file query-v7.cif (mmCIF, C-alpha atoms)
data_start
loop_
_atom_site.label_atom_id
_atom_site.label_comp_id
_atom_site.auth_asym_id
_atom_site.auth_seq_id
_atom_site.Cartn_x
_atom_site.Cartn_y
_atom_site.Cartn_z
CA MET M 1 35.04 24.36 -128.99
CA ALA M 2 37.73 26.86 -128.02
CA SER M 3 40.25 25.82 -125.48
CA PRO M 4 40.04 27.55 -122.03
CA LEU M 5 43.67 28.54 -122.48
CA SER M 6 42.88 30.53 -125.64
CA SER M 7 41.42 33.38 -123.59
CA LEU M 8 44.67 33.90 -121.72
CA SER M 9 47.17 36.40 -123.09
CA LEU M 10 50.61 34.89 -122.91
CA ARG M 11 53.58 37.21 -123.11
CA PRO M 12 57.15 35.95 -123.49
CA LEU M 13 59.32 36.09 -120.43
CA PRO M 14 62.64 37.91 -120.70
CA LEU M 15 64.71 34.79 -120.21
CA SER M 16 67.81 33.70 -121.98
CA PRO M 17 69.54 30.34 -122.08
CA GLY M 18 72.17 31.78 -119.82
CA SER M 19 69.56 32.11 -117.06
CA PHE M 20 69.47 28.32 -116.56
CA PRO M 21 72.19 25.81 -115.77
CA PRO M 22 73.36 24.23 -119.03
CA GLN M 23 72.75 20.66 -117.80
CA ILE M 24 68.95 20.99 -117.93
CA PHE M 25 69.04 21.43 -121.71
CA HIS M 26 69.09 18.30 -123.80
CA ARG M 27 69.38 19.03 -127.50
CA ARG M 28 67.58 16.66 -129.80
CA ARG M 29 66.93 17.64 -133.39
CA GLY M 30 67.52 21.27 -132.56
CA HIS M 31 65.03 21.44 -129.63
CA ALA M 32 65.62 21.81 -125.92
CA ALA M 33 63.78 19.13 -123.94
CA ALA M 34 63.11 19.55 -120.26
CA PRO M 35 63.37 16.51 -117.95
CA PRO M 36 60.06 14.68 -117.33
CA LEU M 37 57.96 16.06 -114.51
CA ARG M 38 56.63 13.60 -111.93
CA LEU M 39 53.74 14.70 -109.79
CA SER M 40 52.51 13.05 -106.61
CA PRO M 41 49.54 13.98 -104.48
CA PRO M 42 50.31 16.18 -101.47
CA GLY M 43 51.12 14.10 -98.45
CA GLY M 44 50.95 10.85 -100.45
CA ALA M 45 54.03 9.35 -98.84
CA ALA M 46 52.80 10.22 -95.37
CA LEU M 47 49.38 8.71 -96.06
CA GLN M 48 50.92 5.51 -97.40
CA ALA M 49 53.23 5.24 -94.39
CA LYS M 50 50.30 5.70 -92.06
CA LYS M 51 48.31 3.07 -93.93
CA ASP M 52 51.08 0.49 -93.85
CA GLY M 53 52.53 1.28 -90.46
CA GLY M 54 51.30 0.26 -87.04
CA ASP M 55 50.70 3.88 -85.93
CA ALA M 56 47.38 3.88 -87.80
CA VAL M 57 45.86 1.60 -85.12
CA GLY M 58 45.33 3.06 -81.68
CA PRO M 59 46.26 1.27 -78.42
CA PRO M 60 42.62 0.54 -77.40
CA ASP M 61 41.96 -1.17 -80.74
CA ARG M 62 45.13 -3.20 -80.40
CA LEU M 63 44.21 -4.43 -76.91
CA ILE M 64 40.63 -5.35 -77.85
CA ALA M 65 41.70 -7.19 -80.99
CA ALA M 66 44.45 -9.08 -79.14
CA ALA M 67 42.10 -10.14 -76.34
CA CYS M 68 39.62 -11.66 -78.82
CA TYR M 69 42.05 -14.48 -79.65
CA LEU M 70 41.71 -15.76 -76.10
CA TYR M 71 38.15 -16.85 -76.88
CA PRO M 72 38.85 -19.79 -79.24
CA PHE M 73 41.87 -20.85 -77.20
CA LEU M 74 39.91 -21.02 -73.95
CA ASP M 75 37.06 -22.80 -75.71
CA GLY M 76 39.43 -25.46 -77.08
CA ILE M 77 41.81 -25.84 -74.15
CA GLN M 78 40.58 -29.42 -73.59
CA TYR M 79 42.34 -30.52 -76.79
CA GLY M 80 45.65 -29.94 -75.07
CA LYS M 81 45.20 -32.62 -72.42
CA TYR M 82 47.64 -35.00 -74.09
CA VAL M 83 50.26 -32.36 -74.90
CA ILE M 84 50.14 -30.85 -71.42
CA THR M 85 50.47 -34.29 -69.83
CA GLN M 86 53.45 -35.33 -71.96
CA PHE M 87 55.25 -31.97 -71.91
CA PRO M 88 55.15 -30.26 -68.49
CA ALA M 89 56.68 -27.11 -70.00
CA PHE M 90 53.26 -26.27 -71.40
CA GLN M 91 51.92 -26.18 -67.83
CA VAL M 92 54.36 -23.39 -67.02
CA LEU M 93 53.46 -21.57 -70.23
CA LEU M 94 49.73 -21.73 -69.52
CA GLN M 95 49.97 -20.93 -65.81
CA PRO M 96 49.09 -17.20 -66.26
CA LEU M 97 45.89 -18.22 -68.08
CA VAL M 98 44.62 -20.51 -65.32
CA PRO M 99 42.27 -17.87 -63.78
CA ALA M 100 40.80 -17.08 -67.20
CA ILE M 101 40.38 -20.79 -67.96
CA ARG M 102 38.54 -21.37 -64.68
CA LEU M 103 36.31 -18.35 -65.26
CA PHE M 104 35.51 -19.45 -68.80
CA ARG M 105 34.76 -23.01 -67.71
CA GLY M 106 32.81 -21.94 -64.64
CA PHE M 107 29.50 -21.64 -66.52
CA PRO M 108 28.54 -23.97 -69.38
CA LEU M 109 26.97 -21.20 -71.48
CA ASN M 110 29.90 -18.80 -71.28
CA GLY M 111 31.16 -19.82 -74.70
CA LEU M 112 27.79 -19.25 -76.35
CA LEU M 113 27.29 -15.90 -74.62
CA ILE M 114 30.72 -14.68 -75.67
CA PHE M 115 30.06 -15.84 -79.23
CA PHE M 116 26.89 -13.77 -79.61
CA THR M 117 28.43 -10.80 -77.80
CA LEU M 118 31.46 -10.68 -80.07
CA TYR M 119 29.49 -11.20 -83.25
CA PHE M 120 26.60 -8.79 -82.71
CA ALA M 121 28.23 -6.19 -80.45
CA VAL M 122 31.60 -6.00 -82.20
CA VAL M 123 31.62 -7.51 -85.70
CA ARG M 124 28.21 -6.11 -86.66
CA ASN M 125 28.85 -2.74 -85.06
CA PRO M 126 31.02 -0.69 -87.46
CA GLY M 127 29.91 2.54 -85.83
CA SER M 128 31.66 1.69 -82.55
CA PHE M 129 34.61 -0.46 -83.62
CA SER M 130 37.20 -0.09 -86.35
CA ARG M 131 37.60 -2.60 -89.14
CA PHE M 132 40.86 -3.73 -87.53
CA VAL M 133 39.00 -4.82 -84.38
CA ARG M 134 36.07 -6.34 -86.25
CA PHE M 135 38.26 -8.35 -88.63
CA ASN M 136 40.34 -9.85 -85.83
CA THR M 137 37.22 -10.56 -83.80
CA MET M 138 35.68 -12.36 -86.78
CA GLN M 139 38.84 -14.41 -87.23
CA ALA M 140 38.60 -15.53 -83.61
CA ILE M 141 34.91 -16.43 -84.07
CA VAL M 142 35.55 -18.45 -87.23
CA LEU M 143 38.40 -20.25 -85.50
CA ASP M 144 36.08 -21.17 -82.65
CA VAL M 145 33.36 -22.38 -85.04
CA LEU M 146 35.87 -24.76 -86.66
CA LEU M 147 36.25 -26.51 -83.31
CA ILE M 148 32.92 -28.16 -84.02
CA PHE M 149 34.58 -30.64 -86.40
CA PRO M 150 37.14 -32.21 -84.02
CA ASP M 151 34.45 -32.27 -81.34
CA LEU M 152 32.11 -34.22 -83.61
CA LEU M 153 34.88 -36.68 -84.44
CA GLU M 154 35.62 -37.29 -80.78
CA ARG M 155 31.96 -37.83 -79.99
CA SER M 156 31.49 -40.19 -82.93
CA PHE M 157 34.68 -42.20 -82.38
CA SER M 158 35.94 -42.55 -78.84
CA PRO M 159 38.50 -45.37 -78.93
CA ARG M 160 40.10 -46.47 -75.69
CA GLU M 161 43.25 -48.05 -77.10
CA GLY M 162 45.11 -49.01 -80.25
CA VAL M 163 45.51 -47.08 -83.46
CA GLY M 164 42.22 -45.26 -82.97
CA LEU M 165 43.43 -43.76 -79.71
CA ASP M 166 46.70 -42.69 -81.34
CA LEU M 167 44.78 -40.92 -84.09
CA VAL M 168 42.59 -39.09 -81.57
CA MET M 169 45.64 -38.05 -79.58
CA SER M 170 47.32 -36.73 -82.72
CA LEU M 171 44.19 -34.84 -83.78
CA ASP M 172 43.68 -33.26 -80.38
CA SER M 173 47.33 -32.27 -80.09
CA THR M 174 47.30 -30.73 -83.58
CA VAL M 175 44.17 -28.71 -82.80
CA PHE M 176 45.63 -27.49 -79.52
CA LEU M 177 48.95 -26.44 -81.05
CA PHE M 178 47.14 -24.64 -83.87
CA LEU M 179 45.04 -22.74 -81.32
CA LEU M 180 48.13 -21.87 -79.30
CA VAL M 181 50.03 -20.61 -82.35
CA SER M 182 46.98 -18.62 -83.46
CA LEU M 183 46.75 -17.05 -80.00
CA LEU M 184 50.42 -16.09 -79.91
CA TYR M 185 50.61 -14.90 -83.51
CA GLY M 186 47.25 -13.12 -83.57
CA SER M 187 47.63 -11.36 -80.23
CA SER M 188 51.24 -10.29 -80.74
CA SER M 189 50.49 -8.95 -84.22
CA CYS M 190 47.52 -6.97 -82.92
CA LEU M 191 49.57 -5.50 -80.08
CA LEU M 192 52.13 -4.35 -82.67
CA GLY M 193 49.38 -2.78 -84.77
CA GLN M 194 49.78 -5.30 -87.59
CA LEU M 195 46.95 -7.21 -89.24
CA PRO M 196 47.35 -11.00 -88.81
CA ARG M 197 45.83 -13.31 -91.39
CA LEU M 198 45.34 -16.79 -90.03
CA PRO M 199 45.31 -19.70 -92.49
CA ILE M 200 41.92 -21.25 -93.19
CA VAL M 201 39.93 -18.55 -91.36
CA ALA M 202 41.15 -15.26 -92.88
CA GLU M 203 39.13 -15.52 -96.09
CA ALA M 204 35.94 -16.43 -94.23
CA ALA M 205 36.44 -13.50 -91.86
CA GLU M 206 37.05 -11.14 -94.77
CA ARG M 207 33.67 -11.99 -96.29
CA GLN M 208 31.84 -11.22 -93.06
CA VAL M 209 33.47 -7.86 -92.33
CA MET M 210 32.27 -5.02 -94.55
#
call {"tool": "encode", "arguments": {"input": "query-v7.cif", "output": "structure tokens"}}
result
Amino acid sequence: MASPLSSLSLRPLPLSPGSFPPQIFHRRRGHAAAPPLRLSPPGGAALQAKKDGGDAVGPPDRLIAAACYLYPFLDGIQYGKYVITQFPAFQVLLQPLVPAIRLFRGFPLNGLLIFFTLYFAVVRNPGSFSRFVRFNTMQAIVLDVLLIFPDLLERSFSPREGVGLDLVMSLDSTVFLFLLVSLLYGSSSCLLGQLPRLPIVAEAAERQVM
């Protein structure tokens, strides 16, 4: 089959070697070789910068995603009873959240209602919320679901003293600190427009968000 270029009439241009700077010619075996040409798609650098940078996420999405991390923390605030008692500095740190804690604990079914609202109205609603919001919301939901395991352990084993009590105190304190770090890291990253990936829960959240 004839090449599409064969139909074009090519005429030599009246150019001489003196028309070009001598440094672009590289003689090899009697031929002049031009430097390799590198092509990039128009606006490629700008698109990559927008993809990697925080400007790609709008302020409303940042606020919604950051607020979602309050849900597992408020649902697991009871695990901090030992840490808050031993270290009063945590009381000062948590003082701004006292109204939210009281509101969350005011009705026993608040946690369940928030769970279904976040999952069905946000995570399963790609038409209204960006993937950034839905992924962070799903991370918060998975983190809250994991609280079932320490709760089951406390209900199954409720020692009053001895080594058993020490183990329960250590478990509760570890859960509370993990929730606190997840709240601080997740919320601050979302406010900066960055995508946080929490250990343990990120992979599970990724599978749920299309």
call {"tool": "atom_distance", "arguments": {"input": "query-v7.cif", "atom1": "atom CA of M:Met138", "atom2": "atom CA of M:Cys68"}}
result
8.9 Å
call {"tool": "resolve_selection", "arguments": {"input": "query-v7.cif", "expression": "the PyMOL selection byres ((chain M and resi 143) around 12)", "output": "ChimeraX atom specification"}}
result
/M:68-76,115,136-142,144-149,175-176,178-180,182-183,186,197-205
call {"tool": "atom_distance", "arguments": {"input": "query-v7.cif", "atom1": "atom CA of M:Leu97", "atom2": "atom CA of M:Ala67"}}
result
12.2 Å
call {"tool": "closest_residue", "arguments": {"input": "query-v7.cif", "among": "M:Leu118, M:Leu165, M:Leu93, M:Ala100", "to": "M:Arg134", "atoms": "all atoms listed in the file"}}
result
M:Leu118
call {"tool": "atom_distance", "arguments": {"input": "query-v7.cif", "atom1": "atom CA of M:Ala56", "atom2": "atom CA of M:Val181"}}
result
25.2 Å
call {"tool": "resolve_selection", "arguments": {"input": "query-v7.cif", "expression": "the PyMOL selection byres ((chain M and resi 80-88) around 9)", "output": "MDAnalysis selection string"}}
result
chainID M and resid 76:79 89:92 169:170 172:177
call {"tool": "residues_near_point", "arguments": {"input": "query-v7.cif", "point": "(33.4, -5.7, -77.5)", "cutoff": "9 Å", "atoms": "all atoms listed in the file", "output": "list in words"}}
result
Ile64, Cys68, Thr117, Leu118, Tyr119, Ala121, Val122, Val123, Phe129, Val133 and Thr137 of chain M
call {"tool": "closest_residue", "arguments": {"input": "query-v7.cif", "among": "M:Ser128, M:Arg155, M:Val168, M:Pro196", "to": "M:Leu184", "atoms": "all atoms listed in the file"}}
result
M:Pro196
call {"tool": "closest_residue", "arguments": {"input": "query-v7.cif", "among": "M:Phe135, M:Val163, M:Gln194, M:Phe157", "to": "M:Glu206", "atoms": "only C-alpha atoms"}}
result
M:Phe135
